[in-house]
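Text of run.txt (compact mmCIF, C-alpha atoms) as supplied:
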```txt
# COMPACT_ATOMS: atom_id res chain seq x y z
CA MET A 1 93.68 101.30 107.60
CA ALA A 2 94.96 98.89 104.93
CA ARG A 3 97.32 96.23 106.16
CA PRO A 4 100.97 96.64 105.10
CA LYS A 5 102.10 94.27 102.35
CA ILE A 6 105.20 92.10 101.93
CA LEU A 7 106.44 90.73 98.61
CA VAL A 8 108.06 87.27 98.70
CA PHE A 9 110.19 85.73 95.95
CA GLN A 10 109.95 81.93 95.97
CA HIS A 11 111.95 79.57 93.74
CA VAL A 12 110.73 76.06 94.60
CA PRO A 13 107.63 74.90 96.50
CA TYR A 14 109.64 73.14 99.22
CA GLU A 15 111.39 76.37 100.28
CA PRO A 16 108.56 78.56 101.64
CA LEU A 17 108.50 81.25 104.32
CA GLY A 18 108.15 78.47 106.87
CA THR A 19 107.67 79.69 110.42
CA LEU A 20 107.96 83.30 109.25
CA ASP A 21 104.63 83.03 107.41
CA PRO A 22 102.30 82.74 110.44
CA LEU A 23 104.36 85.27 112.39
CA LEU A 24 103.97 87.90 109.68
CA LYS A 25 100.26 87.20 109.35
CA ALA A 26 99.80 87.46 113.11
CA ALA A 27 101.53 90.85 112.99
CA GLY A 28 98.97 92.07 110.44
CA PHE A 29 100.87 91.82 107.16
CA ARG A 30 99.47 90.77 103.80
CA ILE A 31 101.83 88.43 101.94
CA ARG A 32 102.13 88.08 98.19
CA TYR A 33 104.22 85.20 96.87
CA VAL A 34 105.83 85.42 93.44
CA ASN A 35 106.70 81.85 92.44
CA PHE A 36 109.45 82.12 89.85
CA GLY A 37 109.45 78.34 89.42
CA ARG A 38 105.97 78.58 87.90
CA GLU A 39 106.21 82.09 86.47
CA PRO A 40 109.86 82.67 85.48
CA GLU A 41 108.96 85.70 83.36
CA SER A 42 107.27 87.57 86.22
CA ARG A 43 108.45 91.09 86.93
CA PRO A 44 106.49 92.31 89.95
CA SER A 45 106.39 95.95 90.95
CA LEU A 46 107.54 97.06 94.40
CA ASP A 47 104.83 99.71 94.54
CA GLY A 48 102.75 99.42 97.68
CA TYR A 49 105.05 96.93 99.45
CA GLU A 50 106.81 97.66 102.71
CA ALA A 51 109.32 94.83 102.38
CA LEU A 52 110.82 92.20 100.11
CA VAL A 53 111.77 88.67 101.21
CA ILE A 54 113.85 86.48 98.87
CA LEU A 55 113.80 82.78 99.75
CA GLY A 56 116.22 79.96 99.06
CA GLY A 57 116.43 77.45 96.24
CA PRO A 58 118.65 74.70 94.84
CA MET A 59 119.96 76.75 91.92
CA ASN A 60 123.20 78.71 91.87
CA SER A 61 122.86 82.47 91.69
CA ASP A 62 124.95 82.48 88.48
CA GLN A 63 122.73 80.00 86.59
CA ILE A 64 121.11 82.75 84.57
CA ASP A 65 121.00 80.67 81.36
CA SER A 66 118.70 78.15 83.04
CA TYR A 67 116.99 80.64 85.37
CA PRO A 68 116.86 84.07 83.67
CA ASN A 69 114.54 85.25 86.43
CA LEU A 70 117.62 85.53 88.67
CA LEU A 71 118.69 88.62 86.71
CA THR A 72 115.23 90.09 87.16
CA GLU A 73 115.38 89.40 90.87
CA VAL A 74 118.76 91.08 91.28
CA GLU A 75 117.43 94.17 89.50
CA ILE A 76 114.32 94.33 91.72
CA ILE A 77 116.36 93.72 94.87
CA ARG A 78 118.69 96.55 93.88
CA GLU A 79 115.66 98.80 93.38
CA ALA A 80 114.28 97.83 96.80
CA VAL A 81 117.61 98.65 98.46
CA GLN A 82 117.83 101.98 96.66
CA LYS A 83 114.31 102.83 97.84
CA LYS A 84 115.34 101.86 101.40
CA LYS A 85 112.66 99.20 101.69
CA SER A 86 113.17 96.44 104.23
CA VAL A 87 114.81 93.45 102.54
CA LEU A 88 115.53 89.96 103.86
CA GLY A 89 117.45 87.42 101.77
CA ILE A 90 117.64 83.81 102.97
CA CYS A 91 120.30 81.45 101.55
CA LEU A 92 119.99 81.91 97.76
CA GLY A 93 118.14 85.13 98.62
CA ALA A 94 121.15 86.37 100.59
CA GLN A 95 123.40 85.55 97.63
CA LEU A 96 121.15 87.49 95.25
CA LEU A 97 121.09 90.42 97.68
CA ALA A 98 124.89 90.35 97.84
CA LYS A 99 125.10 90.48 94.04
CA ALA A 100 122.58 93.34 93.94
CA ILE A 101 124.78 95.50 96.18
CA GLY A 102 128.03 94.75 94.33
CA GLY A 103 129.24 91.57 96.01
CA SER A 104 129.94 88.18 94.46
CA VAL A 105 129.11 84.51 94.99
CA ALA A 106 131.30 81.44 94.44
CA ARG A 107 131.28 77.75 95.35
CA ASN A 108 132.62 76.94 98.83
CA GLU A 109 135.05 74.08 99.30
CA THR A 110 132.60 72.37 101.68
CA ARG A 111 128.81 72.18 101.73
CA GLU A 112 127.06 73.03 104.98
CA ILE A 113 124.00 70.80 105.38
CA GLY A 114 122.65 70.30 108.88
CA TRP A 115 123.39 71.99 112.20
CA TYR A 116 126.45 74.24 112.38
CA ASP A 117 127.77 77.05 114.55
CA VAL A 118 128.02 80.60 113.30
CA VAL A 119 130.22 83.15 115.04
CA LEU A 120 129.13 86.77 115.37
CA THR A 121 131.52 89.54 114.44
CA GLU A 122 131.73 92.59 116.70
CA ASP A 123 129.26 94.32 114.39
CA GLY A 124 127.01 91.27 114.64
CA LYS A 125 127.04 91.41 118.44
CA ASN A 126 125.86 95.02 118.24
CA ASP A 127 123.31 94.52 115.50
CA PRO A 128 119.69 95.20 116.59
CA VAL A 129 118.25 92.25 114.63
CA LEU A 130 120.80 89.66 115.79
CA SER A 131 120.76 90.83 119.41
CA LYS A 132 119.37 87.50 120.71
CA PHE A 133 122.10 85.43 119.06
CA SER A 134 124.80 83.96 121.27
CA PRO A 135 128.37 84.90 120.27
CA VAL A 136 128.60 81.35 118.92
CA GLN A 137 125.14 80.27 117.77
CA GLN A 138 123.95 76.93 116.38
CA VAL A 139 121.68 77.29 113.33
CA PHE A 140 120.40 75.11 110.49
CA GLN A 141 122.15 75.30 107.12
CA TRP A 142 121.70 73.99 103.61
CA HIS A 143 123.99 75.62 101.06
CA GLU A 144 127.14 75.13 99.02
CA ASP A 145 127.97 78.67 97.85
CA GLY A 146 129.70 81.49 99.67
CA ILE A 147 129.43 85.28 99.57
CA GLN A 148 132.06 87.98 99.07
CA LEU A 149 130.74 91.31 100.31
CA PRO A 150 131.40 94.79 98.92
CA PRO A 151 133.32 97.05 101.35
CA ASP A 152 130.26 99.11 102.28
CA ALA A 153 128.27 96.12 103.62
CA LEU A 154 128.42 95.21 107.29
CA HIS A 155 129.69 91.68 108.00
CA LEU A 156 127.70 90.19 110.90
CA ALA A 157 128.53 86.47 111.19
CA SER A 158 130.75 83.72 109.79
CA SER A 159 131.34 79.96 110.03
CA ASP A 160 134.26 77.64 109.37
CA ALA A 161 133.10 76.89 105.83
CA SER A 162 131.52 80.27 104.95
CA SER A 163 133.24 83.52 105.80
CA VAL A 164 129.93 85.41 105.37
CA GLN A 165 126.93 83.91 107.15
CA ALA A 166 125.04 87.13 107.81
CA PHE A 167 125.37 90.72 106.65
CA ARG A 168 123.55 94.03 106.59
CA TYR A 169 123.52 96.73 103.96
CA GLY A 170 122.38 100.13 105.13
CA GLU A 171 119.82 99.97 107.91
CA HIS A 172 117.13 97.76 106.39
CA ALA A 173 118.65 95.06 104.14
CA TYR A 174 119.75 91.76 105.70
CA GLY A 175 121.17 88.57 104.23
CA PHE A 176 121.26 85.25 106.11
CA GLN A 177 122.96 82.17 104.65
CA PHE A 178 121.37 80.04 107.38
CA HIS A 179 117.74 79.00 107.75
CA LEU A 180 115.92 80.41 110.79
CA GLU A 181 112.56 79.74 109.12
CA VAL A 182 112.69 75.94 109.34
CA ASP A 183 110.67 73.65 111.58
CA ARG A 184 111.03 69.91 112.02
CA SER A 185 108.64 69.04 109.18
CA LEU A 186 110.40 71.37 106.73
CA ILE A 187 113.80 69.87 107.53
CA GLU A 188 112.35 66.39 106.98
CA ARG A 189 110.94 67.56 103.65
CA TRP A 190 114.36 68.78 102.54
CA LEU A 191 115.95 65.48 103.55
CA THR A 192 113.45 63.48 101.49
CA VAL A 193 112.50 65.67 98.51
CA PRO A 194 113.78 64.04 95.27
CA ALA A 195 115.56 67.20 94.13
CA ASN A 196 117.93 67.02 97.12
CA GLN A 197 118.84 63.34 96.82
CA PRO A 198 121.77 63.78 94.37
CA THR A 199 123.38 66.21 96.81
CA LEU A 200 122.88 63.91 99.79
CA GLU A 201 124.22 60.98 97.78
CA ASP A 202 127.26 63.03 96.79
CA GLU A 203 127.87 63.78 100.48
CA ARG A 204 127.33 60.19 101.67
CA GLY A 205 129.81 59.40 104.44
CA ARG A 206 130.23 63.07 105.43
CA ILE A 207 126.63 64.21 105.88
CA ASP A 208 124.29 61.73 107.58
CA PRO A 209 120.53 62.45 107.26
CA GLN A 210 119.80 60.33 110.34
CA ALA A 211 122.27 62.35 112.40
CA ILE A 212 120.61 65.55 111.17
CA ARG A 213 117.24 64.18 112.27
CA GLY A 214 118.61 63.43 115.73
CA GLN A 215 120.15 66.88 116.06
CA THR A 216 116.89 68.43 114.90
CA VAL A 217 114.97 66.81 117.75
CA GLU A 218 117.47 68.32 120.20
CA SER A 219 117.84 71.76 118.62
CA ILE A 220 114.65 72.77 116.80
CA GLU A 221 112.83 74.26 119.80
CA SER A 222 115.63 76.67 120.65
CA LEU A 223 116.03 77.59 116.96
CA GLN A 224 112.34 78.45 116.68
CA ALA A 225 112.54 80.67 119.76
CA LEU A 226 115.54 82.41 118.20
CA SER A 227 113.63 82.69 114.93
CA ARG A 228 110.70 84.45 116.61
CA ASP A 229 112.98 86.92 118.36
CA THR A 230 115.14 87.62 115.31
CA PHE A 231 112.34 88.02 112.79
CA SER A 232 110.48 90.20 115.29
CA ARG A 233 113.46 92.53 115.46
CA TRP A 234 113.73 92.59 111.68
CA VAL A 235 110.08 93.65 111.38
CA ASP A 236 110.61 96.21 114.13
CA GLN A 237 113.00 98.02 111.78
CA PHE A 238 110.08 98.84 109.47
CA GLU A 239 108.88 102.41 109.50
CA ILE A 240 105.18 101.81 109.00
CA SER A 241 102.78 104.69 109.58
CA PRO A 242 101.01 105.43 111.84
CA ARG A 243 102.82 103.02 114.19
CA ARG A 244 105.40 100.30 113.99
CA ARG A 245 104.19 96.73 114.07
CA ARG A 246 106.03 94.06 115.96
CA LEU A 247 105.85 90.29 115.74
CA PRO A 248 104.61 88.49 118.83
CA SER A 249 107.53 87.20 120.92
CA ARG A 250 105.56 84.14 122.04
```

What do you get writing this file as structure tokens?
Amino acid sequence: MARPKILVFQHVPYEPLGTLDPLLKAAGFRIRYVNFGREPESRPSLDGYEALVILGGPMNSDQIDSYPNLLTEVEIIREAVQKKKSVLGICLGAQLLAKAIGGSVARNETREIGWYDVVLTEDGKNDPVLSKFSPVQQVFQWHEDGIQLPPDALHLASSDASSVQAFRYGEHAYGFQFHLEVDRSLIERWLTVPANQPTLEDERGRIDPQAIRGQTVESIESLQALSRDTFSRWVDQFEISPRRRRLPSR
């Protein structure tokens, strides 16, 4: 039997699938990356794919003049949702998913960069994918925009700076503003990559990279355990014949 396939939209090389990549491969999935940074005119077909993952990036979801591929992505995401394929949007990906289902995105008053708490809503506490989250859960964040959901989306989590940190649309489409896919090396890459230095300089005195590094040492192991459990439950929502496939929990 052919292995099920997952389509991944990537925007910059330093925002990959991270820890989700080996977990999906271990579960038997074939992964195809579409790198819009290198191929902005790509328009991949969803045919033959069980799921779509949309990763993060430094651009704003409204910067369509500079990144016209964002319009293409919203159209393909909308098609995936309409076809009831499993969809996961992370950070920018969550914002694009929100726009695809009729929501909106705007700049928050405060950037969230580093380790922050998110608070589950009652729907979040009952959600099958977020079932291993604590009611107040520490996660890693790197974003400056916020999401306004349409009324038919399910609001799952919030934070002080972002009213929407997680949401679900239908049964199979999830958006996470936070980054469960990071490991220690990926966080260090984000703190040092040249593209992120203007932002860190702008936040000097409020956001301290050294403090983030210290918190990462303390928190990364528990985040990765949560990542395995959460992504496993997301994959378990797939309806893949002849049997469902589940990520390893260890």

Considering only C-alpha atoms, tabulate each residue of range 114-228 of chain A that lies at most 12 Å from range 43-62 of chain A along with its nearest interatomic pair and the corresponding distance in Å to one decimal; arrange the rows by chain and ascending residue number and present them as CSV.
```
residue,atom,partner,partner_atom,distance
A:Gln141,CA,A:Gly56,CA,11.0
A:Trp142,CA,A:Gly56,CA,9.3
A:His143,CA,A:Pro58,CA,8.2
A:Glu144,CA,A:Asn60,CA,8.9
A:Asp145,CA,A:Asn60,CA,7.6
A:Gly146,CA,A:Asn60,CA,10.5
A:Ile147,CA,A:Ser61,CA,10.6
A:His172,CA,A:Ala51,CA,9.3
A:Ala173,CA,A:Leu52,CA,9.3
A:Tyr174,CA,A:Val53,CA,9.7
A:Gly175,CA,A:Ile54,CA,9.3
A:Phe176,CA,A:Leu55,CA,10.1
A:Gln177,CA,A:Gly56,CA,9.0
A:Phe178,CA,A:Gly56,CA,9.8
A:His179,CA,A:Gly56,CA,8.9
A:Leu180,CA,A:Leu55,CA,11.5
A:Glu181,CA,A:Leu55,CA,9.9
A:Val182,CA,A:Gly56,CA,11.6
A:Trp190,CA,A:Pro58,CA,10.6
A:Val193,CA,A:Pro58,CA,11.5
A:Pro194,CA,A:Pro58,CA,11.7
A:Ala195,CA,A:Pro58,CA,8.1
A:Asn196,CA,A:Pro58,CA,8.0
A:Gln197,CA,A:Pro58,CA,11.5
A:Pro198,CA,A:Pro58,CA,11.4
A:Thr199,CA,A:Pro58,CA,9.9
```

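The space separating CA of Ile101 in chain A from CA of Gln165 in chain A comes to 16.1 Å.
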
Best match for closeness to Ala27 in chain A among A:Arg3, A:Thr230, A:Tyr14, A:Glu41, counting all atoms listed in the file |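 That would be A:Arg3, the residue with the smallest distance to Ala27 in chain A.
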
In file coordinates, which residues lie within 8 Å of (119.4, 87.7, 120.6) using all atoms listed in the file, given as a PyMOL selection string?
-> chain A and resi 129-134+226+229-230

Give as a list in words the set of residues within 10 Å of the point (108.8, 84.3, 86.7), where distances use the file's coordinates and all atoms listed in the file.
->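 Residues close enough to count: Phe9, Gln10, His11, Val34, Asn35, Phe36, Gly37, Arg38, Glu39, Pro40, Glu41, Ser42, Arg43, Pro44, Tyr67, Pro68, Asn69, Leu70, Thr72 and Glu73 of chain A.
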
Out of A:Ile113, A:Ala94, A:Ala80, A:Leu23, which residue has the shortest atom-to-atom distance to Phe140 in chain A when counting all atoms listed in the file?
->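 Comparing A:Ile113, A:Ala94, A:Ala80, A:Leu23 against Phe140 in chain A, the winner is A:Ile113.
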